[in-house]
$ cat target_18.tsv   # TSV, C-alpha atoms
chain	number	residue	atom	x	y	z
A	1	MET	CA	-1.30	15.41	-25.23
A	2	ILE	CA	-1.18	13.74	-21.80
A	3	LEU	CA	-0.22	15.76	-18.73
A	4	ASN	CA	0.48	14.69	-15.18
A	5	ASP	CA	1.53	18.25	-14.37
A	6	ARG	CA	-0.49	21.20	-15.59
A	7	THR	CA	2.46	23.62	-15.66
A	8	PHE	CA	2.68	25.09	-19.15
A	9	ASP	CA	5.72	23.93	-21.13
A	10	PRO	CA	5.75	25.93	-24.40
A	11	ALA	CA	8.19	23.63	-26.25
A	12	ARG	CA	6.29	20.47	-25.36
A	13	PHE	CA	2.95	22.12	-26.12
A	14	GLU	CA	4.21	23.10	-29.55
A	15	THR	CA	5.58	19.64	-30.35
A	16	GLU	CA	2.52	17.78	-29.16
A	17	THR	CA	-0.31	20.05	-30.32
A	18	GLY	CA	1.30	21.94	-33.20
A	19	TRP	CA	0.27	25.28	-31.59
A	20	THR	CA	2.84	27.96	-30.73
A	21	LEU	CA	2.16	30.64	-28.11
A	22	LYS	CA	3.01	34.02	-29.68
A	23	PRO	CA	2.24	37.60	-28.59
A	24	GLU	CA	-0.85	37.58	-30.84
A	25	GLY	CA	-2.18	34.29	-29.44
A	26	ALA	CA	-1.84	30.54	-29.96
A	27	CYS	CA	-0.86	30.10	-33.61
A	28	LYS	CA	-0.69	27.30	-36.16
A	29	GLY	CA	0.02	28.18	-39.79
A	30	ASP	CA	-1.86	31.40	-40.57
A	31	LEU	CA	-4.35	30.86	-37.80
A	32	CYS	CA	-4.07	32.55	-34.37
A	33	ILE	CA	-6.44	32.19	-31.43
A	34	PRO	CA	-6.16	35.17	-29.04
A	35	ILE	CA	-5.34	34.24	-25.43
A	36	ALA	CA	-6.17	36.67	-22.61
A	37	ASP	CA	-3.19	37.92	-20.61
A	38	GLU	CA	-4.38	36.54	-17.28
A	39	ILE	CA	-4.79	33.05	-18.79
A	40	ARG	CA	-1.40	33.23	-20.45
A	41	GLN	CA	0.20	34.36	-17.18
A	42	SER	CA	-1.51	31.60	-15.19
A	43	GLY	CA	0.97	29.11	-16.69
A	44	ASP	CA	-1.82	26.53	-16.51
A	45	THR	CA	-1.86	24.29	-19.60
A	46	VAL	CA	-5.49	23.33	-19.04
A	47	ALA	CA	-6.64	26.96	-18.82
A	48	ILE	CA	-4.72	27.78	-22.00
A	49	ALA	CA	-6.13	24.73	-23.82
A	50	GLU	CA	-9.67	25.59	-22.75
A	51	ALA	CA	-9.24	29.20	-23.87
A	52	MET	CA	-8.22	27.82	-27.27
A	53	GLY	CA	-11.32	25.62	-27.41
A	54	LEU	CA	-9.34	22.38	-27.18
A	55	PRO	CA	-11.19	19.48	-25.50
A	56	VAL	CA	-9.92	18.39	-22.08
A	57	VAL	CA	-10.63	15.03	-20.42
A	58	THR	CA	-9.27	14.10	-17.00
A	59	SER	CA	-8.73	10.99	-14.92
A	60	GLU	CA	-8.83	12.12	-11.29
A	61	ALA	CA	-7.85	8.65	-10.07
A	62	HIS	CA	-4.62	8.68	-12.06
A	63	GLY	CA	-3.97	12.42	-11.96
A	64	LEU	CA	-3.90	12.57	-15.76
A	65	VAL	CA	-5.19	15.23	-18.13
A	66	SER	CA	-5.70	14.59	-21.83
A	67	ILE	CA	-5.88	17.54	-24.22
A	68	GLY	CA	-7.42	16.79	-27.60
A	69	PRO	CA	-6.82	18.45	-30.97
A	70	GLU	CA	-8.52	21.52	-32.41
A	71	SER	CA	-11.63	21.27	-34.55
A	72	VAL	CA	-11.53	24.77	-36.06
A	73	GLY	CA	-12.46	24.50	-39.72
A	74	ASN	CA	-14.06	21.11	-39.03
A	75	ARG	CA	-11.15	19.30	-40.68
A	76	ALA	CA	-8.20	17.32	-39.33
A	77	LEU	CA	-5.87	19.76	-41.10
A	78	THR	CA	-6.03	23.53	-40.70
A	79	THR	CA	-2.92	24.01	-42.80
A	80	ALA	CA	-1.01	21.98	-45.40
A	81	VAL	CA	2.26	22.76	-43.59
A	82	ALA	CA	3.33	19.37	-42.19
A	83	PRO	CA	3.55	19.33	-38.40
A	84	ASP	CA	6.95	18.36	-37.00
A	85	VAL	CA	5.84	15.05	-35.58
A	86	VAL	CA	8.43	13.56	-33.20
A	87	LEU	CA	8.19	9.83	-32.49
A	88	PRO	CA	10.62	7.26	-31.07
A	89	ASP	CA	12.15	4.38	-32.99
A	90	LEU	CA	12.38	0.82	-31.61
A	91	ASP	CA	15.25	1.84	-29.35
A	92	GLY	CA	13.35	4.83	-27.98
A	93	LYS	CA	15.44	7.36	-29.87
A	94	PRO	CA	13.30	10.35	-30.93
A	95	PHE	CA	13.02	11.01	-34.66
A	96	HIS	CA	11.89	14.39	-36.03
A	97	LEU	CA	9.93	14.21	-39.28
A	98	SER	CA	11.40	17.63	-40.10
A	99	SER	CA	14.90	16.09	-40.21
A	100	LEU	CA	13.97	14.80	-43.70
A	101	ARG	CA	13.35	18.27	-45.13
A	102	GLY	CA	14.68	18.35	-48.70
A	103	GLN	CA	13.37	14.88	-49.49
A	104	LYS	CA	9.90	13.72	-50.44
A	105	ILE	CA	8.36	11.68	-47.64
A	106	VAL	CA	5.69	9.02	-47.52
A	107	VAL	CA	4.54	8.65	-43.92
A	108	PHE	CA	3.19	5.11	-43.85
A	109	ALA	CA	0.87	4.13	-40.98
A	110	TRP	CA	0.49	0.45	-40.03
A	111	ALA	CA	-0.43	-1.51	-36.92
A	112	PRO	CA	0.39	-4.98	-35.51
A	113	TYR	CA	-3.28	-5.86	-34.95
B	114	MET	CA	6.55	-4.66	-47.53
B	115	TRP	CA	7.49	-1.17	-48.62
B	116	GLN	CA	11.18	-2.01	-48.61
B	117	ALA	CA	11.27	-2.66	-52.37
B	118	VAL	CA	9.49	0.63	-53.08
B	119	ARG	CA	11.99	2.40	-50.88
B	120	GLU	CA	14.99	0.83	-52.62
B	121	GLU	CA	13.63	1.83	-56.00
B	122	LEU	CA	12.59	5.39	-55.14
B	123	HIS	CA	15.09	6.49	-52.48
B	124	PRO	CA	17.77	7.29	-55.08
B	125	LYS	CA	15.16	9.56	-56.71
B	126	GLY	CA	14.63	11.58	-53.54
B	127	LEU	CA	11.90	9.70	-51.66
B	128	GLU	CA	12.11	8.56	-48.06
B	129	ILE	CA	9.56	6.33	-46.39
B	130	VAL	CA	8.82	6.69	-42.70
B	131	SER	CA	6.79	3.80	-41.37
B	132	VAL	CA	4.88	4.38	-38.17
B	133	GLY	CA	3.38	1.58	-36.07
B	134	LEU	CA	0.27	2.72	-34.19
B	135	ASP	CA	0.10	0.69	-30.99
B	136	THR	CA	-0.77	1.43	-27.37
B	137	LEU	CA	1.59	-1.41	-26.44
B	138	GLY	CA	4.41	0.63	-27.95
B	139	ALA	CA	7.67	-0.87	-29.18
B	140	GLU	CA	6.90	-4.31	-27.75
B	141	GLY	CA	3.78	-4.63	-29.88
B	142	CYS	CA	5.57	-3.55	-33.07
B	143	ARG	CA	9.01	-5.10	-32.55
B	144	PRO	CA	8.49	-8.58	-34.11
B	145	PHE	CA	7.06	-7.06	-37.28
B	146	ILE	CA	9.76	-4.39	-37.61
B	147	GLU	CA	12.56	-6.86	-36.94
B	148	ALA	CA	11.12	-9.26	-39.53
B	149	ALA	CA	10.85	-6.48	-42.14
B	150	ASP	CA	14.25	-5.03	-41.17
B	151	PRO	CA	13.62	-1.77	-43.04
B	152	SER	CA	16.44	0.57	-44.08
B	153	HIS	CA	14.12	3.56	-43.68
B	154	PRO	CA	13.05	5.13	-40.35
B	155	SER	CA	10.51	2.97	-38.54
B	156	LEU	CA	8.79	4.69	-35.64
B	157	ILE	CA	6.46	3.80	-32.78
B	158	ASP	CA	3.28	5.79	-32.17
B	159	ALA	CA	1.84	4.60	-28.85
B	160	HIS	CA	-0.64	7.50	-28.60
B	161	HIS	CA	-1.81	7.59	-32.24
B	162	VAL	CA	-0.26	10.99	-32.82
B	163	LEU	CA	-0.88	10.41	-36.54
B	164	ALA	CA	-4.62	10.48	-35.86
B	165	ARG	CA	-4.37	13.90	-34.21
B	166	ALA	CA	-1.72	15.38	-36.50
B	167	PHE	CA	-2.84	14.05	-39.90
B	168	GLY	CA	-6.30	12.50	-39.45
B	169	VAL	CA	-5.23	8.85	-39.83
B	170	ILE	CA	-8.32	6.71	-39.14
B	171	ASN	CA	-7.38	3.41	-40.75
B	172	ILE	CA	-4.37	1.34	-41.68
B	173	PRO	CA	-2.57	0.95	-43.94
B	174	SER	CA	-2.62	4.60	-44.89
B	175	SER	CA	-0.19	7.28	-45.95
B	176	VAL	CA	0.50	11.00	-46.01
B	177	TRP	CA	2.73	12.52	-48.69
B	178	ILE	CA	4.98	15.45	-47.77
B	179	ASP	CA	7.11	17.36	-50.28
B	180	GLU	CA	10.71	18.64	-50.01
B	181	ASN	CA	9.53	21.90	-48.45
B	182	GLY	CA	7.53	20.24	-45.70
B	183	MET	CA	4.14	20.79	-47.35
B	184	ILE	CA	1.56	18.01	-47.24
B	185	VAL	CA	0.60	17.24	-50.84
B	186	ARG	CA	-1.75	14.34	-50.09
B	187	PRO	CA	-3.56	13.99	-46.76
B	188	ALA	CA	-4.19	10.67	-45.01
B	189	GLU	CA	-5.58	8.13	-47.46
B	190	ALA	CA	-5.58	4.36	-47.89
B	191	ALA	CA	-2.13	3.13	-48.96
B	192	PRO	CA	-2.36	-0.36	-50.41
B	193	ALA	CA	0.64	-2.67	-50.46
B	194	PRO	CA	2.57	-2.65	-53.73
B	195	PRO	CA	0.91	-4.87	-56.35
B	196	THR	CA	3.88	-7.27	-56.35
B	197	ASP	CA	3.40	-8.06	-52.67
B	198	ARG	CA	-0.08	-9.36	-53.10
B	199	GLU	CA	0.68	-13.04	-53.62
B	200	GLY	CA	-0.04	-15.30	-50.71
B	201	PRO	CA	-1.10	-14.51	-47.17
B	202	ALA	CA	0.92	-12.01	-45.17
B	203	MET	CA	1.22	-14.41	-42.24
B	204	GLU	CA	1.30	-18.13	-41.57
B	205	LEU	CA	-2.16	-19.42	-40.83
B	206	PRO	CA	-2.60	-22.26	-38.34
B	207	ASP	CA	-3.73	-25.57	-39.85
B	208	GLU	CA	-7.06	-25.50	-38.10
B	209	LEU	CA	-8.43	-22.02	-38.47
B	210	PRO	CA	-11.10	-21.06	-35.91
B	211	GLN	CA	-14.45	-20.28	-37.53
B	212	ARG	CA	-14.14	-16.59	-36.59
B	213	PHE	CA	-10.79	-16.22	-38.39
B	214	ALA	CA	-12.15	-18.01	-41.44
B	215	GLU	CA	-15.03	-15.52	-41.58
B	216	MET	CA	-12.71	-12.57	-40.99
B	217	PHE	CA	-10.42	-13.61	-43.85
B	218	GLY	CA	-13.50	-14.04	-46.04
B	219	GLU	CA	-14.53	-10.45	-45.30
B	220	ALA	CA	-10.97	-9.16	-45.64
B	221	MET	CA	-10.83	-10.60	-49.16
B	222	LYS	CA	-13.75	-8.32	-50.09
B	223	ILE	CA	-11.96	-5.15	-48.97
B	224	GLN	CA	-11.30	-3.07	-52.06
B	225	SER	CA	-8.15	-1.20	-52.93
B	226	ASN	CA	-6.43	0.07	-56.05
B	227	PRO	CA	-2.72	-0.63	-55.58
B	228	GLU	CA	-1.91	-0.12	-59.27
B	229	ALA	CA	-3.33	3.41	-59.39
B	230	TYR	CA	-1.84	4.38	-56.00
B	231	HIS	CA	1.67	3.18	-56.81
B	232	ALA	CA	1.62	4.65	-60.32
B	233	ALA	CA	0.66	7.99	-58.77
B	234	LEU	CA	3.50	7.69	-56.24
B	235	ARG	CA	6.05	7.16	-59.02
B	236	ASP	CA	4.58	10.05	-60.99
B	237	TRP	CA	4.95	12.38	-57.98
B	238	VAL	CA	8.51	11.23	-57.24
B	239	GLU	CA	9.43	11.92	-60.86
B	240	LYS	CA	7.58	15.18	-61.50
B	241	GLY	CA	7.21	16.71	-58.03
B	242	ALA	CA	4.88	19.72	-57.87
B	243	GLU	CA	4.12	19.23	-61.59
B	244	SER	CA	2.52	15.88	-60.85
B	245	GLU	CA	-1.27	15.94	-61.07
B	246	PHE	CA	-1.30	13.83	-57.90
B	247	ALA	CA	0.40	16.52	-55.79
B	248	LEU	CA	-2.59	18.45	-54.47
B	249	PRO	CA	-2.61	22.20	-53.74
B	250	PRO	CA	-2.82	23.23	-50.04
B	251	GLU	CA	-6.52	24.12	-50.07
B	252	GLU	CA	-7.35	20.73	-51.60
B	253	VAL	CA	-5.16	18.95	-49.03
B	254	ILE	CA	-7.09	20.64	-46.21
B	255	ALA	CA	-10.48	20.03	-47.84
B	256	ARG	CA	-9.70	16.34	-48.34
B	257	SER	CA	-8.43	15.80	-44.79
B	258	ARG	CA	-10.78	14.00	-42.40
B	259	PRO	CA	-13.80	15.81	-41.04
B	260	ARG	CA	-13.30	16.82	-37.39
B	261	SER	CA	-16.18	18.17	-35.36
B	262	ALA	CA	-15.85	19.33	-31.75
B	263	ASP	CA	-17.24	15.92	-30.70
B	264	MET	CA	-14.59	14.12	-32.75
B	265	ALA	CA	-11.85	16.26	-31.19
B	266	LEU	CA	-13.21	15.29	-27.77
B	267	GLY	CA	-13.12	11.65	-28.88
B	268	HIS	CA	-9.40	12.05	-29.64
B	269	ALA	CA	-8.85	13.32	-26.09
B	270	HIS	CA	-10.69	10.27	-24.71
B	271	PHE	CA	-8.65	7.96	-26.92
B	272	GLU	CA	-5.33	9.36	-25.79
B	273	LEU	CA	-6.40	9.20	-22.15
B	274	ALA	CA	-7.44	5.56	-22.69
B	275	THR	CA	-3.99	4.83	-24.08
B	276	ALA	CA	-2.32	6.48	-21.06
B	277	LEU	CA	-4.56	4.54	-18.65
B	278	GLU	CA	-3.82	1.25	-20.42
B	279	GLN	CA	-0.11	2.02	-20.15
B	280	ALA	CA	-0.62	2.81	-16.45
B	281	GLY	CA	-2.11	-0.68	-16.02
B	282	ASP	CA	-5.73	0.37	-15.43
B	283	HIS	CA	-7.41	-1.58	-18.20
B	284	ALA	CA	-10.96	-1.11	-16.88
B	285	ALA	CA	-10.59	2.68	-16.88
B	286	ALA	CA	-9.01	2.54	-20.34
B	287	VAL	CA	-12.00	0.60	-21.70
B	288	GLU	CA	-14.38	3.34	-20.52
B	289	HIS	CA	-12.48	6.00	-22.45
B	290	PHE	CA	-11.98	3.80	-25.51
B	291	ARG	CA	-15.77	3.37	-25.55
B	292	GLN	CA	-16.25	7.15	-25.44
B	293	ALA	CA	-13.73	7.55	-28.28
B	294	HIS	CA	-15.59	5.00	-30.39
B	295	ALA	CA	-18.92	6.77	-29.83
B	296	LEU	CA	-17.48	10.19	-30.65
B	297	VAL	CA	-15.29	9.17	-33.62
B	298	PRO	CA	-17.39	6.40	-35.16
B	299	ASP	CA	-15.52	6.37	-38.49
B	300	SER	CA	-12.10	5.56	-36.99
B	301	TRP	CA	-11.13	1.96	-37.60
B	302	THR	CA	-7.80	2.42	-35.81
B	303	PHE	CA	-9.50	3.63	-32.60
B	304	ARG	CA	-11.72	0.54	-32.68
B	305	ARG	CA	-9.11	-2.01	-33.74
B	306	GLN	CA	-6.63	-0.70	-31.18
B	307	ALA	CA	-9.09	-1.16	-28.31
B	308	TRP	CA	-10.32	-4.54	-29.56
B	309	SER	CA	-6.73	-5.77	-29.89
B	310	LEU	CA	-6.15	-5.21	-26.17
B	311	GLU	CA	-8.88	-7.70	-25.17
B	312	PRO	CA	-8.05	-11.37	-24.71
B	313	GLY	CA	-8.51	-13.02	-28.09
B	314	GLY	CA	-8.36	-16.53	-29.44
B	315	ASP	CA	-5.68	-18.82	-28.12
B	316	SER	CA	-3.19	-18.39	-30.95
B	317	PRO	CA	-0.25	-16.25	-32.02
B	318	MET	CA	-2.83	-14.15	-33.82
B	319	ALA	CA	-4.71	-13.32	-30.60
B	320	ARG	CA	-4.55	-9.60	-31.29
B	321	PHE	CA	-6.32	-10.12	-34.60
B	322	TRP	CA	-9.26	-11.89	-32.93
B	323	GLN	CA	-10.86	-8.47	-32.30
B	324	GLY	CA	-14.12	-9.69	-30.85
B	325	PRO	CA	-15.94	-11.76	-28.19
B	326	SER	CA	-14.32	-15.07	-27.29
B	327	ASP	CA	-16.20	-18.26	-28.14
B	328	GLU	CA	-16.10	-19.31	-24.45
B	329	ASN	CA	-17.27	-16.10	-22.74
B	330	PRO	CA	-18.88	-13.85	-25.34
B	331	GLU	CA	-20.83	-11.93	-22.67
B	332	VAL	CA	-17.73	-10.27	-21.19
B	333	TRP	CA	-16.86	-8.41	-24.43
B	334	PRO	CA	-16.88	-4.73	-23.35
B	335	TYR	CA	-17.49	-2.99	-26.68
B	336	GLU	CA	-20.57	-2.28	-28.80
B	337	GLY	CA	-18.94	-3.59	-31.94
B	338	ASP	CA	-16.20	-5.98	-33.00
B	339	TRP	CA	-14.25	-6.36	-36.24
B	340	LEU	CA	-16.37	-9.04	-37.86
B	341	SER	CA	-19.75	-7.55	-36.89
B	342	ASP	CA	-18.75	-4.00	-37.83
B	343	VAL	CA	-17.28	-4.99	-41.19
B	344	LYS	CA	-20.39	-6.99	-42.04
B	345	LYS	CA	-22.65	-4.14	-40.91
B	346	GLU	CA	-20.77	-1.41	-42.76
B	347	GLY	CA	-19.88	-3.59	-45.77
B	348	ALA	CA	-16.36	-4.86	-46.45
B	349	GLU	CA	-16.42	-2.97	-49.76
B	350	ASN	CA	-16.74	0.29	-47.76
B	351	TYR	CA	-13.92	-0.58	-45.34
B	352	SER	CA	-11.37	1.43	-47.26
B	353	GLU	CA	-12.26	4.67	-49.04
B	354	PRO	CA	-11.78	4.43	-52.81
B	355	TRP	CA	-8.59	6.04	-54.05
B	356	ARG	CA	-9.13	9.47	-55.64
B	357	PRO	CA	-6.57	10.76	-58.17
$ encode --input "target_18.tsv" --output "structure tokens"
Amino acid sequence: MILNDRTFDPARFETETGWTLKPEGACKGDLCIPIADEIRQSGDTVAIAEAMGLPVVTSEAHGLVSIGPESVGNRALTTAVAPDVVLPDLDGKPFHLSSLRGQKIVVFAWAPY
Amino acid sequence: MWQAVREELHPKGLEIVSVGLDTLGAEGCRPFIEAADPSHPSLIDAHHVLARAFGVINIPSSVWIDENGMIVRPAEAAPAPPTDREGPAMELPDELPQRFAEMFGEAMKIQSNPEAYHAALRDWVEKGAESEFALPPEEVIARSRPRSADMALGHAHFELATALEQAGDHAAAVEHFRQAHALVPDSWTFRRQAWSLEPGGDSPMARFWQGPSDENPEVWPYEGDWLSDVKKEGAENYSEPWRP
């Protein structure tokens, strides 16, 4: 996820990383990573990400922070529960993958290059 | 291309969601989506969220998700339906530059198994969880792409590169694309995306040039390019073989 403001936004963090901040820690599926109270209370997304072991890369010149995905388990997936990916259509209207619950879905990735 | 599959299988409970991975966003994808005019959702993924969320490293590829929101097949090569395989997908100029001729030669050697893939898709749509092609959760996780701490860091570099490109700082973007390529060497999408943002041949297919120009080859900023990398790694290894 890309930040130009480090203030922690739980809803955005959940949508873009798949991790939810709960009392027991940052959780995805059955997995929870404990987060110390002082880090949680700092409200600093970068501090929270670093406590979770997520990689952080910054561009000072542009004031941008990039937070990468987890590598726990050494696999792209830590759970078979599909993340609720939200992406825009051609008109910029956001589409939630979860809106298709009840149907089988083939997510088909392509590129114009 | 998947429109016919969608029309056949949508009444049986399948939806297709196509996702265009492109740093240039909607403008990069628009001509292709408007030409295909799909009736299913067609989304734009400017930051390659599918790489992070599902482990997509090449295109075309797919992820299958069941009615309950469980992934039953992780990211894997998704060949076009067998019936779509006649003729080239795009109009080729009369005089093809040497590089394109070589690239098409290599592309012809890329292996896929559309018959097996699409038979499996129909089997899953018909039988659901009873289908042998719907994998249990532990198998889905085990078959998903490897991701070391270095690879995760490469994802962070890639997304920053995308943001920098969108902010108009191409030189800074190139630096982070290079880091992403070094850290996630098996991702074709990370490489192709970056290569496609360099000036290519002087044709409507400029974004497919994906390598040094004939005029100024020395200014190419990347270690590899499509033609060199495919030759080095072997076109037959470009796409992982389909596993039942």
$ residues_near_point --input "target_18.tsv" --point "(-4.8, 20.5, -19.2)" --cutoff "6 Å" --atoms "only C-alpha atoms" --output "ChimeraX atom specification"
/A:6,45-46,65,67
$ residues_around --input "target_18.tsv" --residues "range 182-186 of chain B" --least-positions-apart "5" --cutoff "6 Å" --atoms "only C-alpha atoms" --output "JSON, numbers by chain"
{"A": [80, 81, 82], "B": [176, 177, 247, 248, 253]}
$ closest_atom_pairs --input "target_18.tsv" --of "chain A" --to "chain B" --cutoff "9 Å" --atoms "all atoms listed in the file" --output "Markdown table"
| residue | atom | partner | partner_atom | distance |
| --- | --- | --- | --- | --- |
| A:Met1 | CA | B:Glu272 | CA | 7.3 |
| A:Ile2 | CA | B:Leu273 | CA | 6.9 |
| A:Glu16 | CA | B:Val162 | CA | 8.2 |
| A:Thr17 | CA | B:Ala166 | CA | 7.9 |
| A:Gly18 | CA | B:Ala166 | CA | 7.9 |
| A:Gly53 | CA | B:Ala262 | CA | 8.9 |
| A:Leu54 | CA | B:Ala265 | CA | 7.7 |
| A:Pro55 | CA | B:Leu266 | CA | 5.2 |
| A:Val56 | CA | B:Ala269 | CA | 6.6 |
| A:Val57 | CA | B:Ala269 | CA | 6.2 |
| A:Thr58 | CA | B:Leu273 | CA | 7.7 |
| A:Ser59 | CA | B:Leu273 | CA | 7.8 |
| A:His62 | CA | B:Leu277 | CA | 7.8 |
| A:Leu64 | CA | B:Leu273 | CA | 7.6 |
| A:Val65 | CA | B:Leu273 | CA | 7.3 |
| A:Ser66 | CA | B:Leu273 | CA | 5.4 |
| A:Ile67 | CA | B:Ala269 | CA | 5.5 |
| A:Gly68 | CA | B:Ala269 | CA | 4.0 |
| A:Pro69 | CA | B:Ala265 | CA | 5.5 |
| A:Glu70 | CA | B:Ala265 | CA | 6.3 |
| A:Ser71 | CA | B:Ala262 | CA | 5.4 |
| A:Val72 | CA | B:Ser261 | CA | 8.1 |
| A:Gly73 | CA | B:Arg260 | CA | 8.1 |
| A:Asn74 | CA | B:Arg260 | CA | 4.7 |
| A:Arg75 | CA | B:Pro259 | CA | 4.4 |
| A:Ala76 | CA | B:Gly168 | CA | 5.2 |
| A:Leu77 | CA | B:Ile254 | CA | 5.3 |
| A:Thr78 | CA | B:Ile254 | CA | 6.3 |
| A:Thr79 | CA | B:Ile254 | CA | 6.4 |
| A:Ala80 | CA | B:Ile184 | CA | 5.1 |
| A:Val81 | CA | B:Met183 | CA | 4.6 |
| A:Ala82 | CA | B:Met183 | CA | 5.4 |
| A:Pro83 | CA | B:Ala166 | CA | 6.9 |
| A:Asp84 | CA | B:Gly182 | CA | 8.9 |
| A:Val85 | CA | B:Ala166 | CA | 7.6 |
| A:Leu87 | CA | B:Leu156 | CA | 6.1 |
| A:Pro88 | CA | B:Leu156 | CA | 5.6 |
| A:Asp89 | CA | B:Leu156 | CA | 4.3 |
| A:Leu90 | CA | B:Ala139 | CA | 5.6 |
| A:Asp91 | CA | B:Ala139 | CA | 8.1 |
| A:Gly92 | CA | B:Ala139 | CA | 8.1 |
| A:Pro94 | CA | B:Leu156 | CA | 8.6 |
| A:Phe95 | CA | B:Leu156 | CA | 7.7 |
| A:Leu97 | CA | B:Val130 | CA | 8.3 |
| A:Ser98 | CA | B:Gly182 | CA | 7.3 |
| A:Leu100 | CA | B:Glu128 | CA | 7.8 |
| A:Arg101 | CA | B:Glu180 | CA | 5.6 |
| A:Gly102 | CA | B:Glu180 | CA | 4.2 |
| A:Gln103 | CA | B:Glu180 | CA | 4.6 |
| A:Lys104 | CA | B:Asp179 | CA | 4.6 |
| A:Ile105 | CA | B:Glu128 | CA | 4.9 |
| A:Val106 | CA | B:Trp177 | CA | 4.7 |
| A:Val107 | CA | B:Val130 | CA | 4.9 |
| A:Phe108 | CA | B:Ser175 | CA | 4.5 |
| A:Ala109 | CA | B:Val132 | CA | 4.9 |
| A:Trp110 | CA | B:Pro173 | CA | 5.0 |
| A:Ala111 | CA | B:Gly133 | CA | 5.0 |
| A:Pro112 | CA | B:Cys142 | CA | 5.9 |
| A:Tyr113 | CA | B:Phe321 | CA | 5.2 |
$ residues_around --input "target_18.tsv" --residues "Ala36 in chain A" --least-positions-apart "2" --cutoff "10 Å" --atoms "all atoms listed in the file" --output "MDAnalysis selection string"
chainID A and resid 24:25 33:34 38:41 48 51
$ write_last_selection --input "target_18.tsv" --atoms "C-alpha atoms" --output "short mmCIF file (atom, residue, chain, number, x, y, z; two decimals), in the frame of the given file"
data_model
loop_
_atom_site.label_atom_id
_atom_site.label_comp_id
_atom_site.auth_asym_id
_atom_site.auth_seq_id
_atom_site.Cartn_x
_atom_site.Cartn_y
_atom_site.Cartn_z
CA GLU A 24 -0.85 37.58 -30.84
CA GLY A 25 -2.18 34.29 -29.44
CA ILE A 33 -6.44 32.19 -31.43
CA PRO A 34 -6.16 35.17 -29.04
CA GLU A 38 -4.38 36.54 -17.28
CA ILE A 39 -4.79 33.05 -18.79
CA ARG A 40 -1.40 33.23 -20.45
CA GLN A 41 0.20 34.36 -17.18
CA ILE A 48 -4.72 27.78 -22.00
CA ALA A 51 -9.24 29.20 -23.87
#
$ atom_distance --input "target_18.tsv" --atom1 "CA of Pro192 in chain B" --atom2 "CA of Lys222 in chain B"
13.9 Å
$ atom_distance --input "target_18.tsv" --atom1 "CA of Asn226 in chain B" --atom2 "CA of Pro194 in chain B"
9.7 Å
$ decode --input "target_18.tsv" --residues "range 225-236 of chain B" --atoms "N, CA and C atoms" --output "PDB file, in the first residue's frame"
ATOM      1  N   SER B 225       1.336 -24.173 -23.446  1.00  0.00           N
ATOM      2  CA  SER B 225       0.173 -24.097 -22.568  1.00  0.00           C
ATOM      3  C   SER B 225      -0.719 -25.289 -22.889  1.00  0.00           C
ATOM      4  N   ASN B 226      -1.685 -25.517 -22.023  1.00  0.00           N
ATOM      5  CA  ASN B 226      -2.572 -26.667 -22.217  1.00  0.00           C
ATOM      6  C   ASN B 226      -4.019 -26.198 -22.083  1.00  0.00           C
ATOM      7  N   PRO B 227      -4.498 -25.440 -23.103  1.00  0.00           N
ATOM      8  CA  PRO B 227      -5.834 -24.869 -22.979  1.00  0.00           C
ATOM      9  C   PRO B 227      -6.928 -25.928 -22.851  1.00  0.00           C
ATOM     10  N   GLU B 228      -6.749 -27.068 -23.500  1.00  0.00           N
ATOM     11  CA  GLU B 228      -7.800 -28.099 -23.452  1.00  0.00           C
ATOM     12  C   GLU B 228      -7.989 -28.588 -22.016  1.00  0.00           C
ATOM     13  N   ALA B 229      -6.866 -28.917 -21.353  1.00  0.00           N
ATOM     14  CA  ALA B 229      -6.962 -29.441 -19.982  1.00  0.00           C
ATOM     15  C   ALA B 229      -7.505 -28.374 -19.041  1.00  0.00           C
ATOM     16  N   TYR B 230      -7.019 -27.127 -19.188  1.00  0.00           N
ATOM     17  CA  TYR B 230      -7.455 -26.051 -18.288  1.00  0.00           C
ATOM     18  C   TYR B 230      -8.957 -25.827 -18.412  1.00  0.00           C
ATOM     19  N   HIS B 231      -9.439 -25.716 -19.657  1.00  0.00           N
ATOM     20  CA  HIS B 231     -10.856 -25.375 -19.840  1.00  0.00           C
ATOM     21  C   HIS B 231     -11.785 -26.553 -19.550  1.00  0.00           C
ATOM     22  N   ALA B 232     -11.281 -27.778 -19.713  1.00  0.00           N
ATOM     23  CA  ALA B 232     -12.076 -28.944 -19.294  1.00  0.00           C
ATOM     24  C   ALA B 232     -12.208 -28.947 -17.772  1.00  0.00           C
ATOM     25  N   ALA B 233     -11.113 -28.601 -17.088  1.00  0.00           N
ATOM     26  CA  ALA B 233     -11.143 -28.559 -15.620  1.00  0.00           C
ATOM     27  C   ALA B 233     -12.107 -27.477 -15.135  1.00  0.00           C
ATOM     28  N   LEU B 234     -12.098 -26.333 -15.824  1.00  0.00           N
ATOM     29  CA  LEU B 234     -13.000 -25.236 -15.435  1.00  0.00           C
ATOM     30  C   LEU B 234     -14.467 -25.684 -15.524  1.00  0.00           C
ATOM     31  N   ARG B 235     -14.803 -26.352 -16.625  1.00  0.00           N
ATOM     32  CA  ARG B 235     -16.183 -26.830 -16.787  1.00  0.00           C
ATOM     33  C   ARG B 235     -16.535 -27.874 -15.722  1.00  0.00           C
ATOM     34  N   ASP B 236     -15.564 -28.725 -15.415  1.00  0.00           N
ATOM     35  CA  ASP B 236     -15.792 -29.758 -14.402  1.00  0.00           C
ATOM     36  C   ASP B 236     -16.096 -29.110 -13.040  1.00  0.00           C
TER      37      ASP B 236
END
